[in-house]
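Novice: The structure that follows is given in the form of structure tokens.
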Amino acid sequence: MSDSILQIRGLGKAFGGDWVLEGIDLDIRRGEFLTLLGPSGCGKTTLLRLIAGLETVSAGSLHLQGRDLTPIPAERRPVNTVFQSYALFPHLTVFENVAFGPRLQGVKGAELRRRVADALETVKLGELAARRPGQLSGGQQQRVAIARALVNQPLMLLLDEPLSALDYKLRKQMQLELKQLQRRLGITFVFVTHDQEEALSMSDRVAVMNAGRIEQLDTPRRVYEDPASLFVARFVGEANLLPARVLEQRPDGLSLELEGKPFEAARPQRFEPGGRVHLLLRPEDLDVWSPEELRRQPEYQARALAATVEEVIYKGAEVDLLVRLESGVQVAATAFFDEEDPTLEYQRGERVFVTWPAGWEVLLPFEDAS
Amino acid sequence: MNRWLKGSYLGLVYLFFYLPIGVLAVFSFNDSKYRLTWQGFTWRWYESLLANEELLQVALNSVLLALVSATLATLLGTLTAVTLYRYRFFGKKLLFGLLYVVILSPDIVMGISLLILFVSLQLPLGFWTLLLAHITFCLPFVAVTVYGRLSGFDDTLTEAARDLGASEWVTFRRVLLPLLMPAVIAGWLLSFTLSMDDVIISYFVTGPTFEILPLKIYSMVRIGVKPEVNALCTLMLGITLIMVLAAHFLLREQPT
Amino acid sequence: MRPAPRGSLFRNATLAVIWLWLLVFVLAPTAMVAVASLLERGTDQFVTAAFSLESFARLFDPLYFQVFWNSIYLAGVTTGLCLLAGYPFAWLIARAPGRIRPLLLLLVIVPFWTSSLIRTYAMVIILKANGLLNGLLLWFGAIDQPLMLLYTEAAVIAGLVYSLLPFMILPLYAAMERLDLRLLEAARDLGAGRTALFLRVVFPLTLPGMIAGCMLVFLPALGLFYIPDLLGGAKILLLGNLIKDQFLAARDWPFGSAVSVVLLLFMALFLLALVYVRRRRADAEAAL
């Protein structure tokens with residue numbers, strides 16, 4: 001594989017007999033922005049630390065450009081890390097922090113000054129070289145940490161939740177800057193986060209992790225729109241899950257029983273007749289109609305599900321509705337204000353009907369949804 | 001990798017710390033006056049200590065001095081710590097620094113400087129000069145110990161008390177003091193230990209009218225190794241051990 | 001910041017008492033030592049009100065100069081040994097598993113608070129001619145007859161190290177425990193091997209603890225007069241013995257004060273070093 005820079009095979013990590021990471025197979029591509037996404041304790045940081053060499057491998061292998069990384073200690077791996085807490089050396093100036101790596105490589109004098117200046121320029125901190133970390137804001141410390149890693153010209157840059165300590169606005173800004181930086185430098189970024197929005201907006205590919213395993217590795221769009229498991233569906237974005245029963249399996253689709261009514265799913269997925277499935281629907285995919293409105297939409301009438309409005313949450317550009325279907329399942333729907341429907345008036349207790357465009361549902365094997 | 005090496009290094013240093021005092025304690029129970037070898041268990045040396053009335057009087061003097069100086073130092077030190085924590089005032093940093101300098105300064109300098117002071121004031125050397133000296137070297141230890149606990153507190157505690165209508169005094173009495181109590185007691189215990197163990201400062205400010213135990217021990221050990229002295233030292237070690245352990249566990253319990 | 005209630009009686013009363021106390025029993029006496037060192041020795045009084053630098057000049061009298069340098073040499077060796085033994089020891093405790101660390105620390109705190117006189121006496125028991133160490137050496141056949149261990153310079157150094165080692169370990173431990181392990185990881189990630197890790201990260205970050213530890217060992221090692229008294233016979237003198245003799249035997253207060261001023265100057269040097277190192281990174285620590 002010429003475009004793969006790091007090959008991970010069967011990688012596992014155990015701490016005192018507890019496997020926090022198991023059977024990880026992953027090919028990281030040259031120049032990509034890969035995000036490891038998952039809840040805390042899912043093993044994403046451990047995976048990153050195994051790549052960095054800060055933890056020892058318990059099982060499996062890592063090959064960087066075909067070279068076995070396992071016996072190489074952290075200080076001799078051509079990868080660098082941006083730590084969650086930045087881990088800037090408090091006793092060194094910004095310049096000396098950035099110069100730390102190159103100095104150890106024997107870089108001196110004018111060459112050293114040029115490289116440090118370049119790295120600081122890259123993160124727009126040229127004028128703060130003489131300061132100490134304690135005199136910098138959180139965002140500036142973040143940039144120093146990035147410059148300190150980049151100055152070593154690593155083959156891969158590993159970022160361990162680097163934005164989690166920043167406030168919301170700064171985080172948004174840094175997301176954009178990091179993405180631009182990665183495009184400009186063409187370096188492979190492996191980015192760890194628990195924030196799904198961050199993962200979707202920055203990455204080329206997302207690896208969704210849970211309980212020490214990778215549940216799905218795909219583009220952000222596919223992860224969101226076509227989740228491979230119930231876990232991914234619920235962790236990435238908001239998800240409505242409607243239980244249904246398989247009536248018949250046909251080459252072009254499935255016949256289901258949904259909310260006591262027959263329902264035709266267009267997806268050519270295989271499920272056994274009589275088995276149970278979950279229909280995944282994103283809130284923004286759902287349309288909510290009043291009885292009069294539904295009468296004007298004949299194509300939806302057969303498939304509409306009756307429901308009662310339970311909560312109306314006004315959010316400025318949109319309205320979030322919580323409605324309860326007749327079967328008792330609660331569903332969230334998001335309606336956006338636009339020219340066609342400028343009113344969007346709903347009352348609690350109002351009888352409504354829920355529909356969605358044909359084929360937008362995702363079928364997942366039934367799991368106990370607790 | 002070299003866990004064994006690390007463990008043995010730790011063990012070696014602890015052996016260095018505890019072997020001599022362990023030997024001292026064991027010998028205090030050895031039924032032989034001069035011999036190195038074990039001749040059987042005895043309480044003999046402790047009994048002869050208890051029979052020594054002059055020594056008992058000296059010990060009593062020391063306990064009295066330690067009780068009074070620890071109590072007064074704790075009172076003053078606690079008030080100082082609370083003031084340092086609660087208020088902003090001119091010279092706060094200076095006061096802080098001075099307390100640390102007193103802790104760090106060599107005993108011998110404090111000893112002779114107090115001697116010069118007391119002689120200049122023509123105070124007769126004895127109980128009162130010892131008391132003043134002991135309060136002076138215990139006070140900063142209490143202040144620092146209590147301040148250490150205070151600085152772990154949530155500032156909103158005192159704000160909440162004031163919000164609920166408590167005056168300065170009530171805030172101190174009902175909120176800070178109960179929370180501080182473990183540190184105050186620990187400070188007292190450590191002061192008591194310091195006072196019972198001090199040799200150098202007391203050496204300069206003591207007088208013939210009021211003999212105290214550490215100086216008595218000093219004059220005894222200068223003469224040579226004796227089983228009675230072993231017993232006396234073991235007793236002192238035991239008292240220190242109990243006091244330090246108590247202080248340690250009081251301080252370890254964290255405020256919530 | 002905390003609210004600052006103004007002009008409370010409680011605050012003013014406490015401040016008045018504590019300042020008065022420190023003024024009378026710390027600042028004034030110290031100033032008196034400094035003044036006494038600059039006066040002449042009196043005949044019926046201890047000092048007379050005549051300015052003189054003679055006491056400081058006498059420090060260079062060959063007789064005293066030798067004591068002076070020997071004491072500094074002993075304190076230096078003691079400090080060096082304590083640092084050498086204490087640094088790895090403190091590091092091992094600071095990196096010990098969380099369950100046993102409190103116990104390991106407590107085992108250092110206990111000797112820290114224990115009477116150094118009694119511990120010195122325990123050392124006498126170990127080192128004396130028919131003591132434990134000689135007994136062991138004879139038993140193993142390493143020697144034929146008891147060695148003269150007591151009343152040697154080595155015995156004095158052993159006693160000083162024994163008394164003062166906890167004072168080196170505790171400040172070092174405090175500095176090492178505060179050391180953020182992520183900084184070590186960051187350094188390794190940036191290519192630092194063992195040597196670079198120590199020289200560029202661990203050493204500078206534990207420097208304040210080292211200076212504090214060295215001060216807490218060096219100054220008492222100049223002053224603990226009962227240690228050479230008990231372990232060195234009358235042959236070895238510390239500055240502490242010199243001061244003690246000048247005040248209580250020779251009754252030469254100006255000279256005794258001059259020696260004490262030298263001790264205070266050493267302390268001032270250590271404190272300046274500490275303030276310098278701390279200030280260089282005070283702002284850095286504030287952010288962490």
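Ordering of the structure tokens sets the chain letters (A, B, ...); residue numbers start at 1 within each chain; ligands are numbered from 1 in the order shown.
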At a cut-off of 8 Å, list the chain B residues touching chain C, using only C-alpha atoms, as a PyMOL selection string.

Specialist: chain B and resi 6+9-10+13-14+16-17+20-21+23-24+36+76+79-80+83+86-88+95+102+104-110+112-114+116-117+133+136+155+159+168-169+193-194+197-200+204+218+221-222+225+233+237+240-241+244-245+248

Novice: Would you please give, as number ranges by chain, all residues of region 58-204 of chain A that DSSP assigns to strand (DSSP E) based on the backbone?

Specialist: A: 59-64, 67-68, 79-82, 156-160, 188-193

Novice: Measure the distance from CA of Asp27 (chain A) to CA of Ile8 (chain A) in Å and round it to one decimal.

Specialist: 6.1 Å

Novice: Which polymer residues have any atom within 8 Å of an atom of Gln65 (chain A), counting only C-alpha atoms, with same-chain residues fewer than 6 positions away left out, as a compact mmCIF listing (two decimals) with C-alpha atoms, in the first residue's frame?

Specialist:
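Result file is selection.txt:
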# COMPACT_ATOMS: atom_id res chain seq x y z
CA SER A 4 -0.42 4.08 3.72
CA ILE A 5 2.09 5.59 6.13
CA LEU A 6 1.30 3.63 9.29
CA GLN A 7 0.01 0.08 9.39

Novice: Could you list, as number ranges by chain, every residue of chain A that has an atom within 8 Å of an atom of chain C, counting only C-alpha atoms?

Specialist: A: 52-54, 74-77, 79-81, 83, 87-91, 100-101, 104-105, 132-135, 149, 152

Novice: Please report, as a list of chain:residue names, each residue of region 12-81 of chain A to which DSSP assigns alpha helix (DSSP H) when run on this structure's backbone.

Specialist: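 Taking region 12-81 of chain A and keeping alpha helix (DSSP H) gives A:Lys44, A:Thr45, A:Thr46, A:Leu47, A:Leu48, A:Arg49, A:Leu50, A:Ile51, A:Ala52.
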
Novice: Considering only C-alpha atoms, return as a PyMOL selection string whatever protein or nucleic-acid residues lie within 10 Å of Gly139 (chain A), sequence-local ones (same chain, fewer than 6 positions apart) excluded.

Specialist: chain A and resi 145+163+165-167+170-171+173-174

Novice: Would you pick out the contacts of Leu281 (chain A) at 7 Å or less, using only C-alpha atoms, so that residues sharing its chain but fewer than 5 positions from it are not included, and give the list as a PyMOL selection string?

Specialist: chain A and resi 239-241+361-362

Novice: Compile the contact shell of Val58 (chain B) as a PDB file with N, CA and C atoms, in the first residue's frame: residues with an atom at most 8 Å away, counting only C-alpha atoms, same-chain residues fewer than 6 positions apart removed.

Specialist:
ATOM      1  N   PHE B 210      16.496  26.107  86.333  1.00  0.00           N
ATOM      2  CA  PHE B 210      15.448  25.337  85.663  1.00  0.00           C
ATOM      3  C   PHE B 210      16.086  24.407  84.652  1.00  0.00           C
ATOM      4  N   GLU B 211      16.340  23.188  85.086  1.00  0.00           N
ATOM      5  CA  GLU B 211      17.006  22.236  84.202  1.00  0.00           C
ATOM      6  C   GLU B 211      15.962  21.531  83.346  1.00  0.00           C
ATOM      7  N   ILE B 212      16.286  21.301  82.066  1.00  0.00           N
ATOM      8  CA  ILE B 212      15.320  20.599  81.207  1.00  0.00           C
ATOM      9  C   ILE B 212      15.945  19.339  80.622  1.00  0.00           C
ATOM     10  N   LEU B 213      15.072  18.444  80.152  1.00  0.00           N
ATOM     11  CA  LEU B 213      15.469  17.097  79.768  1.00  0.00           C
ATOM     12  C   LEU B 213      16.476  17.024  78.613  1.00  0.00           C
ATOM     13  N   LYS B 216      19.764  17.822  79.855  1.00  0.00           N
ATOM     14  CA  LYS B 216      20.193  16.796  80.806  1.00  0.00           C
ATOM     15  C   LYS B 216      20.711  15.576  80.032  1.00  0.00           C
TER      16      LYS B 216
END

Novice: For a test of reading the model, state the distance in Å between CA of Leu34 (chain A) and CA of Ala207 (chain A), rounded to one decimal.

Specialist: 7.4 Å

Novice: Which residues are near region 59-61 of chain C? Cut-off 12 Å, only C-alpha atoms, ignore same chain within fewer than 2 positions. Put them as a PyMOL selection string.

Specialist: chain C and resi 37+53-57+63-69+239+242-243+254-262

Novice: Emit the selected residues as a compact mmCIF listing (two decimals), in the first residue's frame, including C-alpha atoms.

Specialist:
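Result written to again07.txt:
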# COMPACT_ATOMS: atom_id res chain seq x y z
CA SER C 37 30.05 41.71 65.83
CA LEU C 53 36.37 45.19 62.65
CA GLU C 54 38.79 43.20 64.70
CA SER C 55 36.37 40.30 65.22
CA PHE C 56 36.08 39.75 61.50
CA ALA C 57 39.85 40.13 61.11
CA LEU C 63 44.10 29.20 64.25
CA TYR C 64 40.47 30.15 63.57
CA PHE C 65 40.85 30.16 59.84
CA GLN C 66 41.62 26.46 59.93
CA VAL C 67 38.54 25.75 62.06
CA PHE C 68 36.53 27.93 59.73
CA TRP C 69 37.59 26.13 56.58
CA LEU C 239 31.54 26.93 63.54
CA LEU C 242 33.39 28.07 67.96
CA ILE C 243 30.30 30.21 68.57
CA PRO C 254 31.95 40.22 69.44
CA PHE C 255 33.92 37.34 67.95
CA GLY C 256 31.10 34.83 68.53
CA SER C 257 28.73 37.28 66.88
CA ALA C 258 31.06 37.72 63.92
CA VAL C 259 31.06 33.96 63.34
CA SER C 260 27.25 33.97 63.56
CA VAL C 261 27.10 36.79 61.03
CA VAL C 262 29.08 34.56 58.65
